[in-house]
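Trainee: Before anything else, here's the structure in question.
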Amino acid sequence: MMPTSPPPPLPILWYHEATALETGGVVDASSFVEEPMKAPWTLALSLGLAGFTFTGCNPQHATARSKRLRSVEPRLTDGAAHTSCWIDPRATDLIPDAICGPPRRREAQGAAQTTAGQPLLRGGEMPAEPGAAKPSLGDLLRQKRPREADFAVRGLEREVAANPHDARAWSDLAAAYLVRAERTDDPRDLLRALEAADRATSEDGRLSEARFNRALALERLSLNPEAMAAWQDYLDLDKTSGWAGEASKRKAKLGQPSPRSAWEETEKPRLEQAALAGSTEEVEKIVGSYRQAARELAEQKLFGEWADATIEGREDLAANKLQILRVLGDALARINSDRLVHDSVAAIEKAGDPRRLSALAQATRDFRNGYEDFNGWKREAEIPKLAAARDVLARAGSPLAFRVEDLLASCDYVNHRYKTSLATVERLIHETEGLPYPAVRGRAFWIKGLLEVTLGQMKPAVENYGRARAEYQRLGEEENAIGMAGLLGENLLLLGRTQEAWKSIYQALRATPSLRDPRALSRIFMIAGDAALREGADTAALAFEQEWVRYSRMSSSQEAVEALTWLARIQDHAGDRESSLATLREAETQIAGLDPGQRQRKKADLAMVQGTVQVQGEPLEAIDLLTSALAVYEKEGNLIFSLQTLLARGRAYRRSGDDRRAERDFEAALALSGVSKRTRGERLAFSAVFDFGESH
């Protein structure tokens, strides 16, 4: 917990349904706070607190340079000399521990208590004479047990509370949070580290340790563009030291080409050429490294290109496309046992007579066109063609029919026909049971989870996201599995299971450098922004939302509208009303350019956010905005959006002094959530999750 009092997090947790659909063991530190310490450690840690209060924060000590070496990955204000740190590539921790300096001999059992009672210097060396120095911050943080890191954090929190303008103490607190995040595998400490480092740099912009720790926190949160800029900020102060060399290397590593450019520019052309040449070994090598990309290339592009060539009478080109599909399908079947591409090619080869082949080609083309229209937000025009295509493909024995069924369910979902979509998905899950099409089943579980969240069925959604993730992990489709981790984290937040939620969210964040699709990246940063805001971590929340906006601009105008809308929400929460209003104006401009069928929902989303941010300052205007949004959500049957809008309007009523209407909205939200007739404890738990507060 930060020692200062940041503004409370916004009370709602937004569920982003369209964005969620379009993309193809945390340890609780509280146990270390609450557990009574054994007597020997109490003495040692008490000495440590006294030591690092002096040596970590006193400028006189920091200028006394010595041969002591860096003891932890972040930079302390103790004047320790630079040495390299590294992370074991075999580490399985959520936040792997960094190992700094030369390898230390493993302490014998019981040695820790003996050493803890002796005076230590930073870096771990014994002083020349007994009693020459007390245990220091570096000595506490280099211990591998979480208890010492937690003790250091609590001491520094008291230090900054007593001296709120002490930049060195804030910087060391950021370092302590970073180390505790490693020791406990709790990503929330990374958020706290960024907040503390940001505060340190605001108190003293030329404190190099603070700049170093801020960049490290951003890097650990996978906010790579901001981290690169922060490493450059450090290099603007320090161009020659070992610390500068490390900063330069970290910046260069973050700037490496993205997987998207590697696939599009190099690997995809190589794959097609190797398949056309019949080089199965080369094809399997590429497919093994790009399983999801290879499957999507076949399903979403190559089948459509074969259909175009067949319909246009370009027999040589059609034969070439089919050859690529044949080799690629064989490779996918051998590598991950997904036979959809293989069996779809077999259905084409069995078509026989030209009329059946022509009908199969047209159905395949209609599927491809429907998929492209779906991604281009034209989600109604092709539905009759898609239904006909599904029937033709099914009669021909092509499993592409399952993909068309999946697309129809997706169209129903984004057009708010939730019950129809759910029925289609459940049928698809039943039809594919026992068939060698795990990617289809993964997608079906994915959509079912989204539908369940939208309809307020949170617990079943957790199970179905888990099933989808398991299917994708078995396939080796890392990007889809990462996407499921993000959605699972978002849903766990809605259930109030914060620790588990952050484990999933951080797993997704940590993997973002390996993602190709801007929409997948948008979704993860969107979820992380909401989660950070609920932790009161405004700096991180704003950074995550800005990344969402950046990737949304690469995706579509519709997604950009949503991202801008929620960026405005966070800007207002952070007290930057001017930027918030400017962002909302940009979102309104973007909405005006959308198709008429899309405007109503986006206007409702905009009204919901505008109303939410105006609850405190202009509650009557907020009530009007939220009422207009609620009408749209109730018409759609969107339970989760209706619930959140009711709660926001209830807060606005309470702010305006109308407790009767506030209570009515809260009771309506309880009824939607299914807890209206439950125990008082369950009602209070609901109130806590959605930050409403129950008055009776």
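Note on naming: chains are A, B, ... as they come in the structure tokens, residues start from 1 per chain, ligands start from 1 in the order shown.
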Could I get the residues of region 444-559 of chain A with an atom no further than 10 Å from an atom of region 277-290 of chain A, each paired with its nearest atom pair and that distance in Å to one decimal, using only C-alpha atoms, sorted by chain and residue number, as JSON lines?

Mentor:
```
{"residue": "A:Gly476", "atom": "CA", "partner": "A:Gly288", "partner_atom": "CA", "distance": 8.6}
{"residue": "A:Glu477", "atom": "CA", "partner": "A:Tyr290", "partner_atom": "CA", "distance": 8.1}
{"residue": "A:Glu478", "atom": "CA", "partner": "A:Tyr290", "partner_atom": "CA", "distance": 9.2}
{"residue": "A:Glu479", "atom": "CA", "partner": "A:Tyr290", "partner_atom": "CA", "distance": 10.0}
```

Trainee: With distances taken over only C-alpha atoms, which residue among A:Arg295, A:Arg355, A:Lys603, A:Arg260 lies nearest Ala520 (chain A)?

Mentor: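 For Ala520 (chain A), the nearest of the candidates is A:Arg260.
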
Trainee: Would you give me, as a Markdown table, each residue of region 444-543 of chain A having an atom within 8 Å of an atom of region 189-209 of chain A, along with its shortest atom pair and that distance in Å to one decimal, using only C-alpha atoms and sorting by chain and residue number?

Mentor:
```
| residue | atom | partner | partner_atom | distance |
| --- | --- | --- | --- | --- |
| A:Ala532 | CA | A:Leu191 | CA | 7.2 |
| A:Ala537 | CA | A:Leu191 | CA | 6.1 |
| A:Asp538 | CA | A:Glu195 | CA | 7.8 |
| A:Thr539 | CA | A:Glu195 | CA | 6.2 |
| A:Ala540 | CA | A:Leu191 | CA | 6.2 |
```

Trainee: Could you find all residues in region 366-446 of chain A that DSSP calls alpha helix (DSSP H) from the backbone, and write them as JSON, numbers by chain?

Mentor: {"A": [366, 367, 368, 369, 370, 371, 372, 373, 374, 375, 383, 384, 385, 386, 387, 388, 389, 390, 391, 392, 393, 394, 395, 400, 401, 402, 403, 404, 405, 406, 407, 408, 409, 410, 411, 412, 413, 414, 418, 419, 420, 421, 422, 423, 424, 425, 426, 427, 428, 429, 430, 431, 432, 438, 439, 440, 441, 442, 443, 444, 445, 446]}
